[in-house]
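Pasting final-v5.txt here (compact mmCIF, C-alpha atoms):
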# COMPACT_ATOMS: atom_id res chain seq x y z
CA MET A 261 -25.52 -14.27 13.04
CA LYS A 262 -28.93 -12.97 12.01
CA PRO A 263 -30.02 -13.61 8.40
CA ASP A 264 -29.31 -10.70 6.05
CA LEU A 265 -32.79 -9.21 5.52
CA PHE A 266 -31.51 -5.98 3.95
CA GLU A 267 -33.90 -4.12 1.65
CA ALA A 268 -32.38 -1.16 -0.17
CA PRO A 269 -34.23 2.14 0.27
CA ASP A 270 -35.12 3.97 -2.96
CA TYR A 271 -37.41 6.77 -1.82
CA TYR A 272 -37.20 8.79 -5.05
CA ASN A 273 -37.35 5.83 -7.47
CA LEU A 274 -33.72 6.29 -8.51
CA ASP A 275 -33.80 2.88 -10.15
CA ASP A 276 -35.63 4.65 -13.00
CA LEU A 277 -32.37 6.54 -13.68
CA LEU A 278 -30.36 3.32 -14.02
CA THR A 279 -29.92 1.16 -17.09
CA GLU A 280 -30.74 -2.53 -17.06
CA GLU A 281 -26.99 -3.24 -17.01
CA HIS A 282 -26.56 -1.02 -13.94
CA LYS A 283 -29.28 -2.94 -12.11
CA LEU A 284 -27.89 -6.34 -13.12
CA VAL A 285 -24.41 -5.39 -11.91
CA ARG A 286 -25.75 -3.98 -8.65
CA ASN A 287 -28.05 -6.91 -7.96
CA ALA A 288 -25.23 -9.41 -8.60
CA ALA A 289 -23.04 -7.57 -6.09
CA ARG A 290 -25.91 -7.31 -3.60
CA SER A 291 -26.65 -11.03 -3.78
CA TRP A 292 -22.97 -11.89 -3.39
CA VAL A 293 -22.64 -9.68 -0.29
CA LYS A 294 -25.70 -11.30 1.29
CA ARG A 295 -24.37 -14.77 0.56
CA GLU A 296 -20.62 -14.43 1.14
CA VAL A 297 -19.95 -11.36 3.31
CA SER A 298 -22.84 -10.94 5.75
CA PRO A 299 -22.55 -14.43 7.34
CA ILE A 300 -18.84 -14.04 8.13
CA ILE A 301 -18.06 -10.35 8.50
CA GLU A 302 -18.80 -9.90 12.19
CA ASP A 303 -16.51 -12.79 13.07
CA TYR A 304 -13.66 -11.46 10.93
CA ALA A 305 -14.09 -7.93 12.30
CA GLN A 306 -13.98 -9.26 15.85
CA LYS A 307 -10.82 -11.23 15.01
CA GLY A 308 -9.25 -8.26 13.24
CA ALA A 309 -8.59 -10.31 10.10
CA PHE A 310 -9.26 -9.92 6.38
CA PRO A 311 -11.22 -12.83 4.85
CA LYS A 312 -8.82 -13.67 2.01
CA HIS A 313 -11.06 -16.43 0.73
CA ILE A 314 -13.50 -13.85 -0.69
CA ILE A 315 -10.95 -12.35 -3.11
CA GLY A 316 -12.11 -14.65 -5.92
CA GLY A 317 -15.71 -13.65 -5.31
CA LEU A 318 -14.84 -9.95 -5.45
CA ALA A 319 -13.22 -10.58 -8.82
CA ASP A 320 -16.26 -12.53 -10.02
CA ILE A 321 -18.65 -9.61 -9.35
CA GLY A 322 -16.33 -7.22 -11.20
CA ALA A 323 -15.08 -5.38 -8.11
CA PHE A 324 -11.50 -5.20 -9.37
CA GLY A 325 -11.18 -2.57 -12.10
CA PRO A 326 -14.78 -2.70 -13.35
CA TYR A 327 -14.12 0.24 -15.70
CA ILE A 328 -10.83 -1.20 -17.01
CA PRO A 329 -11.22 -2.30 -20.67
CA GLU A 330 -11.90 -5.96 -21.31
CA ALA A 331 -8.67 -6.18 -23.31
CA TYR A 332 -6.81 -5.92 -20.00
CA GLY A 333 -9.07 -8.24 -18.02
CA GLY A 334 -11.49 -5.61 -16.71
CA ALA A 335 -15.26 -5.65 -17.12
CA GLY A 336 -15.42 -2.56 -19.35
CA LEU A 337 -18.27 -1.08 -17.30
CA ASP A 338 -19.13 2.58 -16.83
CA GLN A 339 -18.54 4.74 -13.77
CA ILE A 340 -22.06 4.35 -12.36
CA SER A 341 -21.64 0.56 -12.41
CA TYR A 342 -18.36 0.98 -10.54
CA GLY A 343 -20.11 3.16 -7.97
CA LEU A 344 -22.99 0.72 -7.49
CA ILE A 345 -20.56 -2.16 -6.89
CA MET A 346 -18.76 -0.10 -4.25
CA GLN A 347 -22.11 0.80 -2.66
CA GLU A 348 -23.09 -2.83 -2.30
CA ILE A 349 -19.71 -3.96 -0.99
CA GLU A 350 -19.61 -1.21 1.65
CA ARG A 351 -23.15 -2.10 2.62
CA GLY A 352 -21.45 -5.29 3.74
CA ASP A 353 -18.32 -3.68 5.20
CA SER A 354 -16.16 -0.61 4.60
CA GLY A 355 -12.98 -2.64 4.99
CA ILE A 356 -13.94 -5.02 2.20
CA ARG A 357 -14.81 -2.04 0.00
CA SER A 358 -11.45 -0.49 0.85
CA THR A 359 -9.73 -3.63 -0.41
CA ALA A 360 -11.59 -3.38 -3.72
CA SER A 361 -11.18 0.41 -4.00
CA VAL A 362 -7.42 0.20 -3.59
CA GLN A 363 -7.15 -2.57 -6.15
CA SER A 364 -9.30 -0.71 -8.70
CA SER A 365 -8.59 2.98 -8.31
CA LEU A 366 -5.16 3.12 -6.72
CA VAL A 367 -3.37 0.20 -8.39
CA MET A 368 -5.11 -0.75 -11.64
CA TYR A 369 -6.08 2.82 -12.54
CA PRO A 370 -2.53 4.29 -12.50
CA ILE A 371 -1.11 1.31 -14.40
CA TRP A 372 -3.87 1.70 -17.01
CA LYS A 373 -3.62 5.49 -17.28
CA TYR A 374 0.07 6.16 -16.62
CA GLY A 375 1.75 2.87 -17.51
CA THR A 376 3.22 1.35 -20.65
CA GLU A 377 1.40 -1.19 -22.79
CA ALA A 378 3.78 -3.87 -21.50
CA GLN A 379 2.93 -2.95 -17.89
CA ARG A 380 -0.80 -3.03 -18.64
CA LYS A 381 -0.56 -6.49 -20.19
CA LYS A 382 1.65 -7.84 -17.43
CA TYR A 383 -0.25 -6.61 -14.38
CA LEU A 384 -3.87 -5.70 -15.16
CA PRO A 385 -5.24 -9.18 -16.02
CA LYS A 386 -3.71 -10.67 -12.86
CA LEU A 387 -5.12 -7.83 -10.76
CA ALA A 388 -8.58 -8.03 -12.37
CA SER A 389 -8.82 -11.76 -11.62
CA GLY A 390 -7.63 -11.36 -8.03
CA GLU A 391 -4.65 -13.64 -8.72
CA TRP A 392 -2.53 -10.67 -7.64
CA MET A 393 -3.50 -8.00 -5.14
CA GLY A 394 -1.98 -4.54 -5.03
CA CYS A 395 -1.52 -1.58 -2.72
CA PHE A 396 -0.84 2.16 -3.09
CA GLY A 397 2.04 3.88 -1.35
CA LEU A 398 1.52 7.61 -0.88
CA THR A 399 0.95 8.42 2.83
CA GLU A 400 4.09 8.63 4.97
CA PRO A 401 4.59 8.76 8.74
CA ASP A 402 5.10 12.54 8.61
CA TYR A 403 3.10 13.39 5.48
CA GLY A 404 -0.63 12.70 5.21
CA SER A 405 -2.67 15.70 4.07
CA ASN A 406 0.52 17.22 2.62
CA PRO A 407 1.75 14.45 0.30
CA SER A 408 4.03 16.84 -1.61
CA GLY A 409 6.31 16.84 1.43
CA MET A 410 7.09 13.11 1.03
CA THR A 411 10.65 12.01 1.72
CA THR A 412 10.58 8.60 -0.01
CA HIS A 413 13.00 8.97 -2.91
CA PHE A 414 14.90 7.11 -5.62
CA LYS A 415 18.21 7.58 -7.39
CA ASP A 416 19.13 6.70 -10.95
CA MET A 417 21.93 4.14 -10.70
CA GLY A 418 22.35 3.66 -14.46
CA ASP A 419 20.74 0.26 -15.07
CA HIS A 420 18.21 0.55 -12.20
CA TYR A 421 16.70 2.89 -9.61
CA LEU A 422 17.52 2.69 -5.91
CA LEU A 423 14.45 3.31 -3.71
CA ASN A 424 14.52 4.34 -0.04
CA GLY A 425 11.82 5.49 2.38
CA ALA A 426 8.64 4.31 4.11
CA LYS A 427 4.88 4.53 3.75
CA MET A 428 2.21 3.83 6.35
CA TRP A 429 -1.55 3.22 6.71
CA ILE A 430 -1.45 1.21 3.49
CA SER A 431 -4.50 -0.97 2.81
CA ASN A 432 -3.69 -4.43 1.39
CA ALA A 433 0.04 -3.99 2.15
CA PRO A 434 0.49 -7.20 4.19
CA PHE A 435 -0.56 -9.51 1.35
CA ALA A 436 -0.14 -7.43 -1.83
CA GLN A 437 2.02 -8.82 -4.63
CA ILE A 438 2.72 -5.34 -6.00
CA ALA A 439 2.77 -1.78 -4.69
CA VAL A 440 2.34 1.37 -6.76
CA VAL A 441 4.70 3.65 -4.85
CA TRP A 442 5.05 7.40 -5.19
CA ALA A 443 8.54 8.77 -4.64
CA LYS A 444 10.71 11.74 -5.58
CA ASP A 445 13.55 11.60 -8.06
CA GLU A 446 16.79 13.49 -7.56
CA THR A 447 15.19 16.73 -8.77
CA GLY A 448 12.26 16.39 -6.34
CA ARG A 449 9.76 15.36 -9.05
CA ILE A 450 7.18 12.74 -7.95
CA HIS A 451 6.91 9.54 -10.00
CA GLY A 452 5.06 6.25 -9.68
CA LEU A 453 7.06 3.03 -9.38
CA ILE A 454 5.82 -0.56 -9.43
CA VAL A 455 7.46 -2.48 -6.59
CA GLU A 456 7.03 -6.26 -6.46
CA ARG A 457 7.01 -8.45 -3.38
CA GLY A 458 10.28 -10.33 -3.13
CA MET A 459 12.50 -7.43 -4.17
CA ASN A 460 15.42 -7.25 -1.74
CA GLY A 461 14.98 -4.57 0.91
CA PHE A 462 11.18 -4.34 0.50
CA SER A 463 9.04 -5.31 3.52
CA THR A 464 5.39 -4.85 4.52
CA PRO A 465 4.89 -5.14 8.31
CA GLU A 466 1.22 -5.35 9.32
CA THR A 467 -0.48 -2.69 11.45
CA HIS A 468 -2.30 -4.17 14.45
CA ASN A 469 -4.58 -2.90 17.24
CA LYS A 470 -7.00 -1.03 14.97
CA TRP A 471 -10.45 -0.16 16.31
CA SER A 472 -11.64 0.58 12.76
CA LEU A 473 -11.59 -1.28 9.43
CA ARG A 474 -10.77 -4.39 11.40
CA ALA A 475 -11.73 -6.71 8.53
CA SER A 476 -9.20 -5.16 6.16
CA ALA A 477 -5.43 -5.62 6.19
CA THR A 478 -3.34 -2.50 6.82
CA GLY A 479 0.42 -2.19 6.92
CA GLU A 480 3.56 -0.26 6.16
CA LEU A 481 5.81 -0.27 3.12
CA ILE A 482 9.51 -0.08 3.93
CA PHE A 483 12.15 0.43 1.24
CA ASN A 484 15.78 -0.13 2.18
CA ASN A 485 17.96 0.26 -0.92
CA VAL A 486 15.41 -1.54 -3.11
CA LYS A 487 16.63 -2.03 -6.68
CA ILE A 488 13.83 -1.10 -9.07
CA PRO A 489 14.18 -2.08 -12.75
CA LYS A 490 13.99 0.88 -15.12
CA ASP A 491 10.87 -0.53 -16.81
CA HIS A 492 8.96 -0.38 -13.51
CA ILE A 493 8.48 3.39 -13.59
CA LEU A 494 5.08 4.71 -14.76
CA PRO A 495 6.20 6.97 -17.62
CA ASN A 496 3.05 8.72 -18.82
CA LYS A 497 2.44 11.10 -15.91
CA SER A 498 4.53 12.57 -13.10
CA GLY A 499 4.16 15.25 -10.44
CA LEU A 500 1.67 15.34 -7.58
CA SER A 501 -1.26 15.42 -10.01
CA ALA A 502 -0.53 11.78 -10.90
CA PRO A 503 -1.36 10.23 -7.49
CA LEU A 504 -4.12 12.82 -6.96
CA GLY A 505 -5.77 11.58 -10.16
CA CYS A 506 -5.87 8.09 -8.63
CA LEU A 507 -7.34 9.52 -5.45
CA ASP A 508 -10.11 11.20 -7.45
CA SER A 509 -11.19 7.78 -8.70
CA ALA A 510 -10.99 6.29 -5.21
CA ARG A 511 -12.89 9.17 -3.60
CA TYR A 512 -15.62 8.78 -6.21
CA GLY A 513 -15.97 5.12 -5.20
CA ILE A 514 -16.07 6.09 -1.53
CA ALA A 515 -18.90 8.56 -2.19
CA TRP A 516 -20.99 5.63 -3.43
CA GLY A 517 -19.70 3.21 -0.81
CA ALA A 518 -20.66 5.43 2.12
CA ILE A 519 -24.26 5.37 0.90
CA GLY A 520 -24.18 1.58 1.25
CA ALA A 521 -23.08 1.77 4.89
CA ALA A 522 -25.77 4.38 5.59
CA MET A 523 -28.44 2.27 3.88
CA ASP A 524 -27.54 -0.74 5.99
CA CYS A 525 -27.72 1.25 9.24
CA TYR A 526 -31.04 2.82 8.22
CA ASP A 527 -32.57 -0.50 7.17
CA THR A 528 -31.46 -2.13 10.43
CA ALA A 529 -32.86 0.72 12.54
CA LEU A 530 -36.15 0.83 10.62
CA ARG A 531 -36.68 -2.92 11.01
CA TYR A 532 -35.81 -2.77 14.72
CA SER A 533 -38.15 0.18 15.32
CA LYS A 534 -41.08 -1.89 14.08
CA GLU A 535 -40.25 -4.87 16.29
CA ARG A 536 -39.00 -3.38 19.55
CA MET A 537 -41.86 -2.81 22.01
CA GLN A 538 -41.79 -0.21 24.78
CA PHE A 539 -44.68 1.34 26.72
CA GLY A 540 -47.03 -1.05 24.96
CA LYS A 541 -46.22 -0.15 21.35
CA PRO A 542 -43.40 -0.36 18.76
CA ILE A 543 -40.78 2.34 19.30
CA GLY A 544 -41.24 3.32 15.65
CA GLN A 545 -44.59 4.77 16.67
CA PHE A 546 -42.93 7.42 18.85
CA GLN A 547 -42.31 10.84 17.33
CA LEU A 548 -38.62 11.07 18.22
CA GLN A 549 -37.82 7.74 16.54
CA GLN A 550 -39.80 8.75 13.46
CA LYS A 551 -37.84 12.00 13.34
CA LYS A 552 -34.56 10.07 13.31
CA LEU A 553 -35.75 7.68 10.60
CA ALA A 554 -37.28 10.43 8.45
CA GLU A 555 -34.04 12.42 8.59
CA MET A 556 -32.03 9.32 7.69
CA ILE A 557 -33.99 8.52 4.54
CA THR A 558 -33.94 12.19 3.52
CA GLU A 559 -30.15 12.38 3.78
CA ILE A 560 -29.67 9.04 2.00
CA THR A 561 -31.91 10.21 -0.84
CA LYS A 562 -30.01 13.49 -1.20
CA ALA A 563 -26.72 11.59 -1.27
CA GLN A 564 -28.06 9.16 -3.88
CA LEU A 565 -29.07 12.03 -6.16
CA LEU A 566 -25.75 13.85 -5.66
CA THR A 567 -23.74 10.75 -6.43
CA TRP A 568 -25.81 9.60 -9.40
CA ARG A 569 -25.32 13.03 -10.99
CA LEU A 570 -21.59 12.82 -10.26
CA GLY A 571 -21.56 9.43 -11.99
CA VAL A 572 -23.14 10.94 -15.09
CA LEU A 573 -20.49 13.66 -15.08
CA LYS A 574 -17.76 11.03 -14.65
CA ASN A 575 -19.10 9.08 -17.61
CA GLU A 576 -18.94 12.28 -19.68
CA ASN A 577 -15.40 13.08 -18.39
CA LYS A 578 -16.76 16.31 -16.93
CA ALA A 579 -16.47 15.63 -13.18
CA THR A 580 -13.98 17.92 -11.44
CA SER A 581 -11.78 17.02 -8.48
CA ALA A 582 -13.69 19.57 -6.39
CA GLN A 583 -17.04 17.99 -7.27
CA ILE A 584 -15.70 14.58 -6.23
CA SER A 585 -14.42 16.06 -2.96
CA MET A 586 -17.85 17.49 -2.20
CA ALA A 587 -19.54 14.13 -2.69
CA LYS A 588 -16.96 12.23 -0.65
CA ARG A 589 -17.18 14.68 2.24
CA ASN A 590 -20.97 14.98 2.22
CA ASN A 591 -21.71 11.29 1.90
CA VAL A 592 -19.30 10.07 4.55
CA GLU A 593 -20.54 12.68 7.02
CA MET A 594 -24.09 11.63 6.19
CA ALA A 595 -23.23 7.97 6.74
CA ILE A 596 -21.46 8.42 10.06
CA THR A 597 -24.31 10.59 11.38
CA ILE A 598 -26.83 7.94 10.38
CA ALA A 599 -24.72 5.21 12.00
CA ARG A 600 -24.73 7.14 15.28
CA GLU A 601 -28.46 7.84 15.15
CA ALA A 602 -29.25 4.25 14.22
CA ARG A 603 -27.17 3.06 17.16
CA GLN A 604 -29.35 5.17 19.45
CA ILE A 605 -32.55 3.67 18.03
CA LEU A 606 -31.23 0.22 18.90
CA GLY A 607 -30.21 1.34 22.37
CA ALA A 608 -27.84 -1.09 24.07
CA MET A 609 -28.33 -3.62 21.26
CA GLY A 610 -26.69 -1.09 18.95
CA ILE A 611 -23.25 -1.91 20.34
CA SER A 612 -23.71 -5.65 19.93
CA GLY A 613 -22.03 -7.63 17.19
CA GLU A 614 -25.44 -9.18 16.58
CA TYR A 615 -26.11 -6.05 14.52
CA SER A 616 -23.91 -4.27 11.97
CA ILE A 617 -24.32 -0.69 13.18
CA MET A 618 -21.40 -0.31 15.61
CA ARG A 619 -19.04 -1.94 13.10
CA HIS A 620 -20.16 0.51 10.42
CA ALA A 621 -19.74 3.42 12.85
CA MET A 622 -16.19 2.39 13.73
CA ASN A 623 -15.30 1.83 10.07
CA LEU A 624 -16.66 5.21 9.02
CA GLU A 625 -14.37 6.93 11.51
CA SER A 626 -11.56 5.86 9.16
CA VAL A 627 -13.44 6.57 5.95
CA ILE A 628 -14.08 10.16 7.06
CA THR A 629 -10.30 10.61 7.38
CA TYR A 630 -8.68 8.62 4.57
CA GLU A 631 -8.48 9.66 0.91
CA GLY A 632 -8.49 13.27 2.11
CA THR A 633 -9.75 14.24 5.55
CA HIS A 634 -13.16 15.77 6.19
CA ASP A 635 -11.58 19.19 6.76
CA ILE A 636 -9.28 19.03 3.73
CA HIS A 637 -12.24 18.31 1.44
CA LEU A 638 -14.01 21.32 2.92
CA LEU A 639 -11.00 23.48 1.99
CA ILE A 640 -10.92 21.99 -1.51
CA THR A 641 -14.49 23.22 -1.98
CA GLY A 642 -13.54 26.56 -0.42
CA LEU A 643 -10.62 26.97 -2.82
CA ASP A 644 -12.84 26.06 -5.77
CA ILE A 645 -15.55 28.62 -4.99
CA THR A 646 -13.36 31.50 -3.78
CA GLY A 647 -10.12 31.03 -5.68
CA PHE A 648 -8.19 31.50 -2.43
CA ASN A 649 -5.87 28.74 -1.20
CA ALA A 650 -6.39 28.16 2.54
CA PHE A 651 -3.89 25.29 2.72
CA LYS A 652 -0.89 27.57 3.06
Once more with this new file: its structure as structure tokens, please.
Amino acid sequence: MKPDLFEAPDYYNLDDLLTEEHKLVRNAARSWVKREVSPIIEDYAQKGAFPKHIIGGLADIGAFGPYIPEAYGGAGLDQISYGLIMQEIERGDSGIRSTASVQSSLVMYPIWKYGTEAQRKKYLPKLASGEWMGCFGLTEPDYGSNPSGMTTHFKDMGDHYLLNGAKMWISNAPFAQIAVVWAKDETGRIHGLIVERGMNGFSTPETHNKWSLRASATGELIFNNVKIPKDHILPNKSGLSAPLGCLDSARYGIAWGAIGAAMDCYDTALRYSKERMQFGKPIGQFQLQQKKLAEMITEITKAQLLTWRLGVLKNENKATSAQISMAKRNNVEMAITIAREARQILGAMGISGEYSIMRHAMNLESVITYEGTHDIHLLITGLDITGFNAFK
């Protein structure tokens, strides 16, 4: 494995917009990725395995619930700090960032926002420390972009709920201690339930043969007459807007994370273009390669500005779901385009595991689909600007 020589591009001096705390948080995450992720990630991606031994390190850099109050074990950081951590982790690998995103935005966030005080005290400190890992059960075999059609359901049995159904494409499922599961009650209303590993009838078979996100663990959640204690329901919000609120937080993190993947591909391609000799000179001296690199840094810079502004709006509680959708869609498209262009600059070496580019490209094929597909986010923007719903 080559040494991690990554240098982050900052063409418009965006560091001037960050606080000293932001930079300390980011630099700690960046150093950790260089030290703990870069040396091992290609091997784990090739094996199709998640490196569980890094969970403690993710917790140490504040990757689990960075914006969760310190009273519950979180770091009490702002939304820009959260974004910067996700950027640095995805610079290492999208699958590792997915693991952290799920833990923070899809497990800790709903317990913090929609749960009881007892639930917060029981679960959040263990999740923040990485002692427990969680997963988020929304997507079903027949319901992806249309989550309101879910068939997973529960019945009130008097002293408990009885949960039945299945979820799929669930990050962290194979090793998670808890799952925040979205299911319909007998009236068809969607609620969040906390399901713990070990409950009878609850299983989490792993999904194999993935070409993407190979260094993250993906699985199913299967519920066969699972008895759920009454105090495991999240009482403070129900309806589809509850899981969508979690997805807003996750999509925000993805918007930052995708920049990290793009930055890594750009930095790799730029470095290679200065070293690779053809026709008696570095390929970076040729116009077509300069065009590719100039377009890359332009798109990265635009995405950085878009996402920083979104972070400011998030900190002020002014960011809308549609604004988050725009950033997620734009930044992931930007990143996957840069990955493909960077692969071309490296030629045949671009498909080699000696470099990170092909791994990023494969990962981003998932990122452009999950947490709302590329097309669905386009329609969210369309609905927001026209007022017309194109989903139905």
Quick one: of A:Ala579, A:Val362, A:Ala335, A:Ala621, who's nearest to A:Ala436, counting only C-alpha atoms? A:Val362
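Distances to A:Ile584 were evaluated for A:Ile557, A:Ile514, A:Ile340, A:Met618 using all atoms listed in the file, and the minimum falls at A:Ile514.
In this structure, atom CA of A:Pro299 sits 19.0 Å away from atom CA of A:Ser358.
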Test item: which residues lie within 10 Å of (-6.2, 6.9, -5.9) counting only C-alpha atoms, as a VMD selection string: chain A and resid 361 to 370 396 to 398 502 to 513 631
Who sits within 12 Å of A:Met523, all atoms listed in the file, same chain under 5 positions skipped, as a VMD selection string: chain A and resid 266 to 271 347 to 353 516 to 518 528 to 530 553 556 to 561 563 to 564 591 594 to 599 602 616 to 617 620
Using all atoms listed in the file, which of the listed residues (A:Gly355, A:Gly308, A:Gly642, A:Gly322) sits closest to A:Leu624?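 Of A:Gly355, A:Gly308, A:Gly642, A:Gly322, the one nearest A:Leu624 is A:Gly355, counting all atoms listed in the file.
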Distance criterion (only C-alpha atoms): nearest to A:Asn496 out of A:Pro407, A:Pro311, A:Gly375, A:Gly540: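 Checking each candidate against A:Asn496, we get A:Gly375 as the closest.
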Applying 7 Å and only C-alpha atoms, which residues near A:Thr412 remain after dropping the ones on its own chain fewer than 5 positions away? List them as a PDB file with C-alpha atoms, in the frame of the given file.
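Output (around_30.pdb):
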ATOM      1  CA  ASN A 424      14.520   4.340  -0.040  1.00  0.00           C
ATOM      2  CA  GLY A 425      11.820   5.490   2.380  1.00  0.00           C
ATOM      3  CA  ALA A 426       8.640   4.310   4.110  1.00  0.00           C
ATOM      4  CA  ALA A 443       8.540   8.770  -4.640  1.00  0.00           C
ATOM      5  CA  LYS A 444      10.710  11.740  -5.580  1.00  0.00           C
TER       6      LYS A 444
END
Please check which residues have atoms at most 12 Å from (-24.5, 11.5, -14.7) in the file's coordinates, counting only C-alpha atoms, and write them as number ranges by chain. A: 277-279, 338-341, 343, 564-579
Closest to A:Leu453 among A:Gln379, A:Thr629, A:Asn432, A:Ser389, using only C-alpha atoms? A:Gln379
Env of A:His313: 12 Å cut, atoms = only C-alpha atoms, seq-sep filter 2 positions within chain, self excluded. Answer as a list in words.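 Using only C-alpha atoms, the neighbours found are Glu296, Val297, Ile300, Tyr304, Ala309, Phe310, Pro311, Ile315, Gly316, Gly317, Leu318, Ala319, Ile356, Gly390 and Glu391 of chain A.
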Grab the atom CA of A:Val440 to atom CA of A:Gly333 distance for me, in Å with one decimal place.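 Between atom CA of A:Val440 and atom CA of A:Gly333 the gap works out to 18.7 Å.
Minimum distance to A:Met417 across A:Gly336, A:Pro489, A:Pro542, A:Gly448 (counting all atoms listed in the file) occurs at A:Pro489.
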Let me know the centre plus edge lengths, in Å and rounded to one decimal, of a box with edges along x, y and z that contains all listed atoms of stretch 524-543 of chain A and is padded by 4 Å on every side, as AutoDock Vina command-line options.
--center_x -37.3 --center_y -1.0 --center_z 16.4 --size_x 27.5 --size_y 15.7 --size_z 28.7
Can you tell me how far atom CA of A:Thr646 sits from atom CA of A:Ser501, in Å to one decimal?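 It comes out at 21.1 Å.
Every protein, DNA or RNA residue with an atom at most 10 Å from A:Thr447, where all atoms listed in the file count and chain neighbours fewer than 2 positions away do not, is listed here: His413, Lys415, Lys444, Asp445, Arg449 and Ile450 of chain A.
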Can you write just those residues out, C-alpha atoms, as an mmCIF file, in the coordinates of the input?
data_model
loop_
_atom_site.group_PDB
_atom_site.id
_atom_site.type_symbol
_atom_site.label_atom_id
_atom_site.label_comp_id
_atom_site.auth_asym_id
_atom_site.auth_seq_id
_atom_site.Cartn_x
_atom_site.Cartn_y
_atom_site.Cartn_z
ATOM 1 C CA HIS A 413 13.000 8.970 -2.910
ATOM 2 C CA LYS A 415 18.210 7.580 -7.390
ATOM 3 C CA LYS A 444 10.710 11.740 -5.580
ATOM 4 C CA ASP A 445 13.550 11.600 -8.060
ATOM 5 C CA ARG A 449 9.760 15.360 -9.050
ATOM 6 C CA ILE A 450 7.180 12.740 -7.950
#
